[in-house]
Each structure stands twice: as structure tokens, then as C-alpha cells.
$ cat my_file_37.txt   # compact mmCIF, C-alpha atoms
# COMPACT_ATOMS: atom_id res chain seq x y z
CA ALA A 1 -11.53 -11.22 3.38
CA ASN A 2 -14.67 -9.59 2.01
CA GLY A 3 -13.54 -6.01 2.46
CA GLU A 4 -15.29 -4.94 -0.73
CA ASN A 5 -18.65 -5.74 0.87
CA GLN A 6 -17.77 -3.77 4.01
CA SER A 7 -16.90 -0.73 1.89
CA ARG A 8 -20.07 -1.09 -0.18
CA SER A 9 -22.22 -1.42 2.94
CA ILE A 10 -20.92 1.93 4.26
CA PHE A 11 -21.86 3.64 1.01
CA THR A 12 -25.23 1.86 0.94
CA LEU A 13 -26.01 3.09 4.45
CA ALA A 14 -25.32 6.66 3.30
CA ALA A 15 -27.58 6.08 0.29
CA VAL A 16 -30.59 4.63 2.12
CA THR A 17 -30.46 7.41 4.75
CA GLY A 18 -30.35 10.15 2.12
CA ASN A 19 -26.81 11.29 2.95
CA ILE A 20 -25.25 11.28 -0.51
CA GLY A 21 -23.73 14.62 -1.51
CA VAL A 22 -24.08 16.40 1.84
CA PRO A 23 -21.32 17.52 4.24
CA GLY A 24 -20.41 14.65 6.56
CA GLY A 25 -22.58 12.21 4.64
CA GLY A 26 -20.21 9.31 5.24
CA THR A 27 -19.93 8.03 1.68
CA GLY A 28 -16.29 7.06 2.09
CA GLY A 29 -15.27 9.62 -0.54
CA TRP A 30 -12.58 12.21 0.13
CA THR A 31 -14.00 15.28 1.84
CA THR A 32 -10.74 17.10 1.17
CA SER A 33 -9.20 16.85 -2.25
CA TYR A 34 -7.34 19.96 -3.42
CA ALA A 35 -3.88 19.87 -4.96
CA MET A 36 -2.01 22.88 -6.31
CA PRO A 37 -2.17 23.09 -10.13
CA LEU A 38 1.51 22.41 -10.79
CA PRO A 39 2.70 19.88 -13.39
CA THR A 40 4.49 16.68 -12.45
CA PHE A 41 7.23 14.71 -14.18
CA PRO A 42 5.76 13.65 -17.56
CA ASP A 43 4.71 10.04 -17.98
CA LEU A 44 5.52 7.84 -20.96
CA ALA A 45 3.23 8.69 -23.85
CA GLU A 46 2.94 5.05 -24.85
CA LYS A 47 3.05 2.11 -22.45
CA PRO A 48 4.65 -0.94 -24.05
CA ILE A 49 2.97 -3.26 -21.54
CA THR A 50 -0.81 -3.56 -21.68
CA VAL A 51 -1.35 -6.59 -19.43
CA GLY A 52 -1.62 -6.12 -15.67
CA ILE A 53 -2.36 -8.04 -12.49
CA PRO A 54 -3.59 -6.94 -9.03
CA VAL A 55 -0.58 -5.77 -7.02
CA PHE A 56 -1.31 -8.12 -4.09
CA LYS A 57 -1.04 -11.09 -6.47
CA TRP A 58 2.60 -10.43 -7.41
CA SER A 59 3.97 -13.27 -5.28
CA ASP A 60 1.46 -15.74 -6.73
CA ALA A 61 2.46 -14.51 -10.20
CA VAL A 62 6.07 -15.37 -9.36
CA ASP A 63 5.09 -18.76 -7.99
CA HIS A 64 2.56 -19.90 -10.63
CA GLY A 65 1.89 -16.99 -12.97
CA GLU A 66 1.56 -19.28 -15.97
CA LYS A 67 -1.72 -20.49 -14.44
CA PHE A 68 -3.17 -16.98 -13.98
CA THR A 69 -6.45 -16.19 -15.74
CA ALA A 70 -8.68 -13.12 -15.90
CA LYS A 71 -11.64 -14.77 -14.20
CA ARG A 72 -9.69 -16.44 -11.40
CA ASP A 73 -6.78 -14.10 -10.69
CA GLY A 74 -7.91 -10.71 -12.01
CA VAL A 75 -5.60 -10.49 -15.05
CA GLU A 76 -6.37 -7.31 -17.01
CA GLY A 77 -5.74 -6.76 -20.70
CA ALA A 78 -5.58 -10.50 -21.52
CA ASP A 79 -7.40 -13.74 -20.83
CA ARG A 80 -4.38 -15.26 -19.10
CA LEU A 81 -0.66 -15.00 -18.40
CA HIS A 82 1.70 -17.34 -20.21
CA VAL A 83 4.67 -17.02 -17.88
CA GLY A 84 5.34 -16.08 -14.28
CA ILE A 85 7.24 -12.95 -13.24
CA LYS A 86 10.94 -13.48 -13.97
CA PHE A 87 12.42 -10.03 -13.32
CA MET A 88 11.24 -7.44 -10.84
CA ILE A 89 12.30 -3.96 -9.69
CA SER A 90 11.10 -2.71 -6.31
CA TYR A 91 11.59 1.02 -5.85
CA ALA A 92 11.24 2.84 -2.51
CA ALA A 93 8.96 0.15 -1.10
CA ASN A 94 9.56 -2.29 1.73
CA THR A 95 6.70 -4.37 0.36
CA ILE A 96 8.47 -7.44 -0.93
CA MET A 97 8.84 -8.86 2.58
CA ASN A 98 7.44 -6.44 5.13
CA GLN A 99 4.16 -4.96 3.95
CA HIS A 100 3.12 -7.99 1.91
CA ALA A 101 1.56 -11.03 3.58
CA ASP A 102 3.23 -14.23 4.81
CA PRO A 103 6.94 -13.31 4.45
CA ASP A 104 7.93 -16.84 5.53
CA ARG A 105 6.26 -18.13 2.36
CA ILE A 106 7.73 -15.27 0.29
CA ARG A 107 11.24 -16.36 1.35
CA GLU A 108 10.49 -19.85 0.02
CA ILE A 109 9.17 -18.50 -3.27
CA LEU A 110 12.14 -16.16 -3.81
CA ALA A 111 14.64 -18.89 -2.90
CA ASP A 112 13.58 -20.86 -6.01
CA GLU A 113 15.61 -19.15 -8.74
CA SER A 114 13.75 -21.05 -11.45
CA LYS A 115 10.88 -18.65 -10.69
CA LEU A 116 11.92 -15.04 -10.08
CA GLU A 117 15.38 -14.96 -11.62
CA THR A 118 16.32 -11.37 -10.70
CA LEU A 119 15.14 -8.98 -8.00
CA VAL A 120 16.45 -5.40 -8.04
CA VAL A 121 15.75 -3.14 -5.06
CA ILE A 122 16.29 0.64 -5.20
CA ASP A 123 16.13 2.15 -1.72
CA THR A 124 17.92 4.28 0.86
CA LEU A 125 18.13 1.70 3.67
CA MET A 126 18.86 -2.00 4.10
CA THR A 127 15.23 -2.95 4.64
CA ALA A 128 13.87 -6.45 5.14
CA SER A 129 12.96 -6.41 1.44
CA ALA A 130 16.39 -5.17 0.33
CA LYS A 131 17.99 -8.17 2.05
CA MET A 132 16.24 -10.42 -0.48
CA ALA A 133 17.58 -8.56 -3.54
CA ASP A 134 20.03 -9.85 -6.14
CA TYR A 135 21.07 -6.26 -6.84
CA ILE A 136 20.73 -3.20 -4.58
CA LEU A 137 20.97 0.27 -6.13
CA PRO A 138 21.36 2.90 -3.37
CA ASP A 139 19.02 5.85 -3.87
CA ALA A 140 19.60 9.37 -2.55
CA MET A 141 17.37 10.52 0.29
CA SER A 142 15.00 13.45 -0.19
CA VAL A 143 17.40 15.79 1.65
CA GLU A 144 20.14 14.82 -0.83
CA GLN A 145 18.51 15.83 -4.14
CA PRO A 146 16.44 18.58 -5.80
CA ASP A 147 12.74 17.99 -6.26
CA LEU A 148 9.36 19.68 -6.65
CA VAL A 149 7.02 18.08 -4.12
CA LYS A 150 3.30 18.74 -3.96
CA ASN A 151 0.41 17.19 -2.10
CA GLU A 152 -1.85 14.88 -4.09
CA ASP A 153 -5.53 15.31 -3.27
CA SER A 154 -5.12 15.21 0.49
CA GLY A 155 -6.39 18.47 1.90
CA GLU A 156 -8.36 21.66 1.26
CA THR A 157 -5.04 23.48 1.55
CA GLY A 158 -2.70 22.63 -1.30
CA TYR A 159 1.04 22.97 -0.86
CA ALA A 160 4.27 22.64 -2.80
CA ILE A 161 7.82 22.23 -1.51
CA TYR A 162 10.94 23.34 -3.35
CA ALA A 163 13.28 20.60 -2.15
CA GLN A 164 17.01 21.31 -2.25
CA PRO A 165 19.91 19.05 -1.27
CA ALA A 166 21.14 19.78 2.24
CA ILE A 167 24.01 17.32 1.90
CA ASP A 168 25.55 15.24 -0.89
CA PRO A 169 24.54 11.58 -1.18
CA PRO A 170 27.07 9.37 0.63
CA GLY A 171 29.19 6.73 -1.08
CA ASP A 172 27.75 5.41 -4.34
CA ALA A 173 24.20 6.59 -3.61
CA LYS A 174 22.60 8.80 -6.24
CA PRO A 175 19.08 9.99 -7.14
CA VAL A 176 16.97 7.38 -8.91
CA TYR A 177 16.74 9.74 -11.92
CA GLU A 178 20.51 9.45 -12.34
CA ILE A 179 20.38 5.69 -11.73
CA LEU A 180 17.85 5.25 -14.55
CA CYS A 181 19.85 7.55 -16.82
CA GLU A 182 23.00 5.47 -16.32
CA ILE A 183 21.11 2.22 -17.00
CA LEU A 184 19.61 3.66 -20.21
CA GLU A 185 23.00 5.03 -21.28
CA ARG A 186 24.32 1.47 -21.23
CA LEU A 187 21.26 -0.22 -22.74
CA ASP A 188 19.73 2.26 -25.21
CA PRO A 189 21.17 5.77 -25.67
CA ALA A 190 18.23 6.71 -27.91
CA ALA A 191 15.81 5.84 -25.12
CA LEU A 192 17.94 7.92 -22.74
CA GLU A 193 17.31 11.00 -24.87
CA ARG A 194 13.56 10.33 -24.97
CA PHE A 195 13.52 9.85 -21.20
CA THR A 196 15.49 12.96 -20.17
CA GLU A 197 14.48 15.26 -23.06
CA GLY A 198 17.93 16.74 -22.45
CA HIS A 199 17.18 17.84 -18.88
CA THR A 200 18.95 17.24 -15.59
CA GLN A 201 16.81 16.68 -12.51
CA GLN A 202 17.23 20.29 -11.41
CA GLU A 203 16.27 21.48 -14.89
CA TRP A 204 13.07 19.41 -14.70
CA VAL A 205 12.23 21.03 -11.37
CA SER A 206 12.71 24.48 -12.86
CA GLN A 207 10.72 23.66 -16.00
CA MET A 208 7.76 22.17 -14.11
CA TYR A 209 7.53 25.15 -11.79
CA SER A 210 7.91 27.58 -14.67
CA GLU A 211 5.02 25.89 -16.52
CA GLY A 212 2.84 26.09 -13.43
CA ARG A 213 3.71 29.72 -12.76
CA SER A 214 2.89 30.69 -16.35
CA GLU A 215 -0.71 29.73 -15.55
CA HIS A 216 -0.56 31.30 -12.07
CA PRO A 217 1.61 34.43 -12.18
CA GLU A 218 0.60 35.19 -8.57
CA TYR A 219 2.95 32.41 -7.45
CA PRO A 220 6.42 33.61 -6.34
CA THR A 221 9.39 33.50 -8.69
CA GLU A 222 11.49 30.34 -8.58
CA GLU A 223 14.19 32.21 -6.68
CA GLU A 224 11.65 33.37 -4.09
CA PHE A 225 10.14 29.89 -3.91
CA ALA A 226 13.57 28.35 -3.31
CA GLN A 227 14.23 30.89 -0.57
CA GLN A 228 10.98 30.34 1.36
CA GLY A 229 10.80 26.60 0.63
CA VAL A 230 7.01 26.13 0.78
CA ILE A 231 3.99 27.74 -0.88
CA ARG A 232 0.38 27.06 0.05
CA GLU A 233 -3.09 27.99 -1.15
CA ILE A 234 -6.63 27.16 -0.05
CA ASN A 235 -8.96 25.51 -2.55
CA PRO A 236 -10.46 28.48 -4.44
CA ASP A 237 -13.67 26.51 -5.05
CA GLY A 238 -14.28 26.08 -1.33
CA PHE A 239 -14.76 22.95 0.76
CA THR A 240 -15.17 19.72 -1.16
CA VAL A 241 -18.33 17.65 -0.64
CA PRO A 242 -18.14 14.28 -2.45
CA PHE A 243 -21.01 13.64 -4.91
CA LYS A 244 -22.56 17.09 -4.35
CA ASP A 245 -22.79 17.65 -8.12
CA PHE A 246 -24.59 14.33 -8.51
CA ARG A 247 -27.06 15.19 -5.77
CA ASP A 248 -27.73 18.63 -7.26
CA ASP A 249 -28.26 17.31 -10.81
CA PRO A 250 -27.90 13.53 -11.29
CA GLN A 251 -28.77 13.77 -14.99
CA ALA A 252 -26.01 16.23 -15.77
CA ASN A 253 -23.48 14.61 -13.40
CA PRO A 254 -23.84 10.82 -13.71
CA LEU A 255 -21.68 8.52 -11.60
CA GLU A 256 -19.05 6.20 -13.05
CA THR A 257 -21.39 3.19 -12.92
CA PRO A 258 -22.99 1.40 -15.88
CA SER A 259 -26.28 3.17 -15.17
CA GLY A 260 -24.80 6.46 -14.01
CA LYS A 261 -26.78 6.01 -10.80
CA ILE A 262 -26.08 4.63 -7.33
CA GLU A 263 -26.29 0.85 -7.74
CA ILE A 264 -27.13 -0.93 -4.49
CA TYR A 265 -27.72 -4.10 -6.48
CA SER A 266 -24.86 -4.44 -8.98
CA GLU A 267 -25.56 -6.29 -12.23
CA GLN A 268 -21.81 -6.13 -12.92
CA LEU A 269 -21.05 -8.03 -9.72
CA ALA A 270 -23.94 -10.44 -10.35
CA THR A 271 -22.37 -11.35 -13.69
CA MET A 272 -18.93 -11.69 -12.14
CA ALA A 273 -20.37 -13.96 -9.43
CA GLU A 274 -21.61 -16.31 -12.16
CA GLU A 275 -18.57 -16.21 -14.43
CA TRP A 276 -15.55 -15.86 -12.15
CA GLU A 277 -13.80 -18.85 -10.58
CA PHE A 278 -13.29 -19.11 -6.82
CA ASP A 279 -11.38 -21.39 -4.45
CA PRO A 280 -13.86 -23.98 -3.15
CA ASP A 281 -11.67 -24.55 -0.08
CA LEU A 282 -11.93 -20.91 1.07
CA THR A 283 -15.05 -20.23 3.11
CA GLY A 284 -16.76 -17.08 1.87
CA ASP A 285 -14.65 -16.72 -1.28
CA ARG A 286 -17.51 -15.41 -3.43
CA ILE A 287 -18.97 -12.24 -4.89
CA THR A 288 -22.42 -10.93 -4.00
CA ALA A 289 -24.55 -8.52 -6.03
CA LEU A 290 -25.75 -6.90 -2.81
CA PRO A 291 -23.35 -5.92 0.01
CA GLU A 292 -24.17 -8.96 2.15
CA TYR A 293 -22.39 -10.11 5.27
CA VAL A 294 -20.42 -13.20 4.23
CA GLU A 295 -18.95 -15.58 6.78
CA SER A 296 -15.33 -16.02 5.71
CA TRP A 297 -12.26 -18.09 6.43
CA GLU A 298 -10.56 -17.15 9.72
CA GLY A 299 -13.41 -14.85 10.66
CA SER A 300 -15.08 -14.32 14.02
CA GLU A 301 -17.12 -17.51 13.71
CA GLU A 302 -14.05 -19.66 13.17
CA ALA A 303 -12.15 -17.96 16.03
CA ALA A 304 -15.07 -18.54 18.40
CA ALA A 305 -15.11 -22.25 17.55
CA SER A 306 -11.32 -22.74 17.69
CA SER A 307 -9.31 -23.78 20.73
CA GLU A 308 -6.03 -23.56 18.79
CA TYR A 309 -6.52 -20.02 17.39
CA PRO A 310 -9.30 -18.36 19.41
CA LEU A 311 -8.28 -14.71 18.92
CA GLN A 312 -8.96 -12.44 15.98
CA CYS A 313 -5.81 -10.54 15.00
CA ILE A 314 -5.79 -7.15 13.27
CA ASP A 315 -3.10 -4.51 12.84
CA HIS A 316 -3.04 -0.73 13.24
CA HIS A 317 -0.88 2.28 12.43
CA THR A 318 1.35 3.59 15.19
CA LYS A 319 2.74 7.08 15.80
CA GLY A 320 6.25 5.62 16.00
CA ARG A 321 6.65 5.24 12.24
CA THR A 322 5.03 5.78 8.84
CA HIS A 323 4.12 2.29 7.63
CA SER A 324 7.57 0.66 7.90
CA SER A 325 9.63 3.86 7.53
CA TYR A 326 11.81 4.94 10.50
CA TRP A 327 11.37 1.62 12.33
CA GLU A 328 15.15 1.14 12.41
CA GLN A 329 15.83 4.31 14.44
CA PRO A 330 16.87 3.14 17.96
CA TRP A 331 15.57 6.21 19.80
CA ILE A 332 12.18 5.96 18.08
CA MET A 333 12.03 2.27 18.98
CA GLU A 334 12.84 3.21 22.58
CA ALA A 335 10.03 5.78 22.65
CA HIS A 336 7.54 3.53 20.86
CA PRO A 337 8.44 -0.13 21.45
CA GLN A 338 6.45 -2.76 19.59
CA HIS A 339 3.53 -4.04 21.70
CA VAL A 340 0.66 -6.40 20.98
CA TRP A 341 -2.61 -4.94 22.29
CA MET A 342 -4.91 -7.32 24.16
CA ASN A 343 -7.92 -7.02 26.44
CA PRO A 344 -7.55 -7.68 30.22
CA VAL A 345 -9.99 -10.61 29.91
CA ASP A 346 -7.72 -12.38 27.42
CA ALA A 347 -4.56 -11.40 29.30
CA GLU A 348 -5.89 -12.73 32.62
CA ALA A 349 -6.87 -16.03 31.02
CA ARG A 350 -3.22 -16.41 29.94
CA GLY A 351 -1.66 -14.98 33.11
CA LEU A 352 -0.18 -12.04 31.22
CA SER A 353 0.51 -8.42 32.11
CA THR A 354 1.88 -5.41 30.21
CA ASP A 355 5.51 -5.65 28.98
CA GLU A 356 5.72 -9.44 29.38
CA ARG A 357 7.37 -11.24 26.47
CA ILE A 358 4.86 -13.13 24.36
CA GLN A 359 4.65 -15.20 21.22
CA VAL A 360 1.76 -14.73 18.76
CA THR A 361 1.14 -17.63 16.38
CA SER A 362 -1.12 -18.03 13.36
CA ARG A 363 -1.38 -20.76 10.73
CA ARG A 364 1.37 -19.05 8.71
CA GLY A 365 3.99 -18.07 11.26
CA ALA A 366 4.85 -16.64 14.65
CA ILE A 367 6.23 -13.41 16.12
CA ARG A 368 7.85 -12.50 19.45
CA SER A 369 6.82 -9.21 21.05
CA LEU A 370 5.65 -7.51 24.26
CA ALA A 371 2.11 -7.48 25.63
CA PHE A 372 0.12 -4.29 26.15
CA VAL A 373 -2.96 -4.97 28.27
CA THR A 374 -5.71 -2.39 27.79
CA GLY A 375 -9.48 -2.07 27.89
CA ARG A 376 -9.29 -0.07 24.68
CA ILE A 377 -9.51 -3.24 22.58
CA ALA A 378 -12.40 -5.69 22.54
CA PRO A 379 -12.17 -9.12 24.20
CA GLY A 380 -11.24 -11.82 21.75
CA VAL A 381 -9.23 -9.42 19.57
CA ILE A 382 -5.53 -8.55 19.49
CA SER A 383 -3.88 -5.82 17.43
CA ILE A 384 -0.28 -5.44 16.29
CA PRO A 385 1.26 -2.13 15.12
CA GLN A 386 1.98 -2.71 11.44
CA GLY A 387 5.29 -1.93 9.74
CA ALA A 388 7.84 -3.41 12.18
CA TRP A 389 10.65 -5.02 10.17
CA TYR A 390 10.51 -8.75 9.55
CA SER A 391 13.50 -10.40 11.24
CA PRO A 392 13.22 -14.18 11.71
CA GLY A 393 15.40 -15.84 14.35
CA ASP A 394 17.20 -19.15 14.01
CA ASP A 395 14.01 -20.97 15.00
CA GLY A 396 11.98 -19.17 12.31
CA VAL A 397 10.02 -17.03 14.78
CA ASP A 398 9.96 -13.36 13.75
CA ASP A 399 11.80 -11.29 16.39
CA GLY A 400 10.92 -8.12 14.47
CA ALA A 401 7.22 -8.69 15.29
CA CYS A 402 6.07 -7.86 11.77
CA ALA A 403 2.27 -8.15 11.66
CA SER A 404 2.44 -9.43 8.07
CA THR A 405 4.21 -12.59 9.32
CA LEU A 406 0.84 -13.84 10.54
CA ALA A 407 -1.17 -12.86 7.44
CA SER A 408 -2.44 -14.96 4.54
CA LEU A 409 -1.73 -14.66 0.81
CA ASN A 410 -5.41 -15.40 0.11
CA ALA A 411 -6.87 -12.43 -1.79
CA THR A 412 -10.27 -10.75 -1.65
CA PRO A 413 -12.81 -12.02 -4.21
CA VAL A 414 -13.42 -8.83 -6.26
CA ALA A 415 -10.29 -6.65 -6.20
CA LYS A 416 -7.91 -9.53 -5.42
CA GLY A 417 -6.58 -7.25 -2.69
CA ASN A 418 -4.88 -7.97 0.62
CA THR A 419 -6.70 -9.62 3.53
CA GLN A 420 -4.26 -8.70 6.27
CA GLN A 421 -7.02 -7.78 8.72
CA GLN A 422 -8.35 -11.37 8.63
CA ILE A 423 -6.23 -13.58 10.89
CA ILE A 424 -6.98 -15.92 13.77
CA ALA A 425 -4.18 -16.42 16.27
CA GLN A 426 -3.07 -17.54 19.73
CA VAL A 427 -0.94 -15.77 22.36
CA LYS A 428 1.26 -17.37 24.97
CA ARG A 429 3.94 -16.23 27.42
CA ILE A 430 7.59 -16.80 26.48
$ encode --input "my_file_37.txt" --output "C-alpha cells"
Amino acid sequence: ANGENQSRSIFTLAAVTGNIGVPGGGTGGWTTSYAMPLPTFPDLAEKPITVGIPVFKWSDAVDHGEKFTAKRDGVEGADRLHVGIKFMISYAANTIMNQHADPDRIREILADESKLETLVVIDTLMTASAKMADYILPDAMSVEQPDLVKNEDSGETGYAIYAQPAIDPPGDAKPVYEILCEILERLDPAALERFTEGHTQQEWVSQMYSEGRSEHPEYPTEEEFAQQGVIREINPDGFTVPFKDFRDDPQANPLETPSGKIEIYSEQLATMAEEWEFDPDLTGDRITALPEYVESWEGSEEAAASSEYPLQCIDHHTKGRTHSSYWEQPWIMEAHPQHVWMNPVDAEARGLSTDERIQVTSRRGAIRSLAFVTGRIAPGVISIPQGAWYSPGDDGVDDGACASTLASLNATPVAKGNTQQQIIAQVKRI
């Protein structure tokens, strides 16, 4: 619930030990950050919308967006909102229900059609989020359309993939580019021309690669690229060390802070702490100028004092899927069934062993899953592999064992981000 302070404390530790701008300094910055210099699909030159909200607050903006203010809810570009979200498009993201918090509450919010009037989901599968949509537009999968794919700042070796359709999209599915073109053709043909600039998707791929190759003639021709599929190159500037330029010459390479320096005490945050509004009912819902430890709602102190919810619950990534992608594949589920990790001390106290059916309950909801008893997790803590698909049974208990079912919609104080690692819970045998 105070994740900003945890992140700041890591950076502060690197600062006070003199480890800024050195290899392995532990600043939290990317140590690998090279992407091949190829252009991407051009963005709109002018954005008609200038007001924004933190992404985690979307469900609150549907529920009571007309009450949103800059100093309470993190509205950007305006002092307040004057209306809640009425129309929403979710593209390639199982985040409406699955990767957001408290899907039981989200179902209640979306059921009230006086709030969000229309939800459009564009996706390739009938996800938990797609089931809530008013309209579903079936997208083509990556193996069903042309594309130029490149890594984005995620390694010292950059790469690009010349994607080509291996099969045609089934049924009415089509690439999202074509979906948007057909919508614009019906709504605003002039906007269609501005959007496409007269190009098909394949023509965009060819143009973007041609522009990149004009700057780097050592790259293969498009025909050669299409034949080999992938091109790679190592960062010509060598290994990336975050903040090395700042360490070498802090005057010439100031940081993106008001002072240009490392700010352990933040005057910006001190001002926000005085001016912003916080929920008085949420323990620890406050901003600190220094990265202090702040006792928060549903933290370790509350778990230790609770007989009803004595366990801290976190979630983790599992090798069986990428976030929530591929969860629906039966043979992957067989190889990597959903298990709740718990320490032998906690399992023995509840008479549990590995593979027994259990129910995990928090103040928001409950899931059914299997126990995995292991000494590789601390006593008093359980962990659930995130990304399993939300699937409530007739009694409201989530048989999909989605970790988000247990999580709160309360946001962090600074970024108004998700707090899905802050849950207290109880486990019992089914």
C-alpha cells in the first residue's frame, strides 16, 4: 500500500552507500536498455484528450468519476472530472476483470448501466474480461497478420521480427488495424484517410523497415529479412549502467528532479503531503517526504493481531503462463496446476498437506484452489500465482483461483497505483 516508499528506499540505500552510476549498483534502473533503431507505427500528432487519470483508478472513475479531483484521485490536466467513464474500449488486455483488483466488486459496478453504458473488448480469446463486454470484436492473432515487432528497451541485444501470417484469421476475426479502419469508414471517412495515410498494414510494415534501413544500410533487404525472420544486434555503445553519466558529471547530466540532484528528502512530496486529500479510514494512507516505513491497512501488524485473517497474502508470476495469457490451455494447466503456496508451520496448524483442496478468503472475496506446502515461503505468508482466470461459482467463490479476487481497490497514496500485494487472508480445508 506504500509501494512508492519501498521503491524510494531501495534507491536511497544505493545513494547512501555510494552505489549510484556503477555496475550492479542496485538503483532499480534498467541495466539493459537497448532497442534497435527502427521506427514504429506513427502516433497521432495531436491528442484531442488532455485530461487523464491513473489507470488503476478506472473502476472508481466508472463508479463515481464525477467526484474525482486532482488532489484526491490524481486527475491530470484538470482540477476535477465532471462525469464518470461512460464508454470504454479494452484492447488485448484481460485487465477489466482478471488483472484488476476485486473483480466481485467490478461485476457490481459494470452491472449498473447508468454508469458505464458501453464496454467494447477487442481480443483473440473469450477471457474473463471479454465475458463482461457489450460488444466483442475478434482480433487476429500474431500468427495471422503481418507485423514488424521489435524489443522495447529490454536487453543489451536488440532484435526485430518480420512477422508474417502463417494462417488466415478464422471466422470474422481480423487484425485490429482493419477493425479500426472499418469503424472509421462508417464514422468519418476523412479521419480514415488521416489514420491510414493510404497504407495497408503490410505497406506500413514495409515502409517502417525501409525508413530504418535507410539509416542503417547494413541491415538486410526486406526480402532477406522476411526470409530469415529475425535480425539482432548488440548495443554498439556497450553495456548500459544507469546514471553513469550523472556520476561522471552531475552538472552536465542533471537528473529529472526539481534540483537535478538525487533528492532523499523530496520537497515535492512534502508539498503534496500537505495539499493532497487522503482517506482518514485507511491506515497509512499518507505521503512522506522521506522514504519512511509506514504501517498500513492490512499489513503485517494487522495480520499478526487478527484471528479472522492472520495470513499475509501476496502473488507471484508462474512459468505456466505470461500474466493471464495461455491459462486456458488444458495441457499447460495440467503441467502447472494452480497452487497456493504456504509454509509447513501454517499448513500443520490447519491440518493441510500438498494438493488438498482449500479455500482462501479475504475481506473482498474467496477462491478455491490446491495447497502447496513448502519451506520456500515464510511462515505467516501465502502466495498465489497471479493471472488465473476469474470464474465465480454459483456460491460466488472463485473456482478460477484468480489472485485479484482477494485484492482491494484502495490505491497507493502517490501514484494511485495498485496495492495487490497488500492482502490479509485466511485458509481452510474444503
$ atom_distance --input "my_file_37.txt" --atom1 "CA of Tyr293 in chain A" --atom2 "CA of Arg8 in chain A"
10.8 Å
$ residues_around --input "my_file_37.txt" --residues "Met333 in chain A" --least-positions-apart "2" --cutoff "12 Å" --atoms "only C-alpha atoms" --output "list in words"
Thr318, Lys319, Gly320, Arg321, Ser325, Tyr326, Trp327, Glu328, Gln329, Pro330, Trp331, Ala335, His336, Pro337, Gln338, His339, Ala388, Trp389 and Gly400 of chain A
$ atom_distance --input "my_file_37.txt" --atom1 "CA of Tyr390 in chain A" --atom2 "CA of Thr412 in chain A"
23.7 Å
$ closest_residue --input "my_file_37.txt" --among "A:Asp73, A:Pro42, A:Trp341, A:Ala371" --to "Pro54 in chain A" --atoms "all atoms listed in the file"
A:Asp73
$ closest_residue --input "my_file_37.txt" --among "A:Ala252, A:Thr40, A:Val75, A:Gly21" --to "Ile53 in chain A" --atoms "only C-alpha atoms"
A:Val75
$ closest_residue --input "my_file_37.txt" --among "A:Ala173, A:Ser408, A:Gly351, A:Asn5" --to "Ser266 in chain A" --atoms "all atoms listed in the file"
A:Asn5
$ residues_near_point --input "my_file_37.txt" --point "(-8.7, -3.5, 3.7)" --cutoff "8 Å" --atoms "all atoms listed in the file" --output "list of chain:residue names"
A:Gly3, A:Gly417, A:Asn418, A:Thr419, A:Gln420, A:Gln421
$ closest_residue --input "my_file_37.txt" --among "A:Ala160, A:Ile179, A:Leu38, A:Ala403" --to "Ser362 in chain A" --atoms "only C-alpha atoms"
A:Ala403
$ residues_near_point --input "my_file_37.txt" --point "(-4.1, -20.0, -13.2)" --cutoff "12 Å" --atoms "only C-alpha atoms" --output "PyMOL selection string"
chain A and resi 57+60-75+79-84+277-279
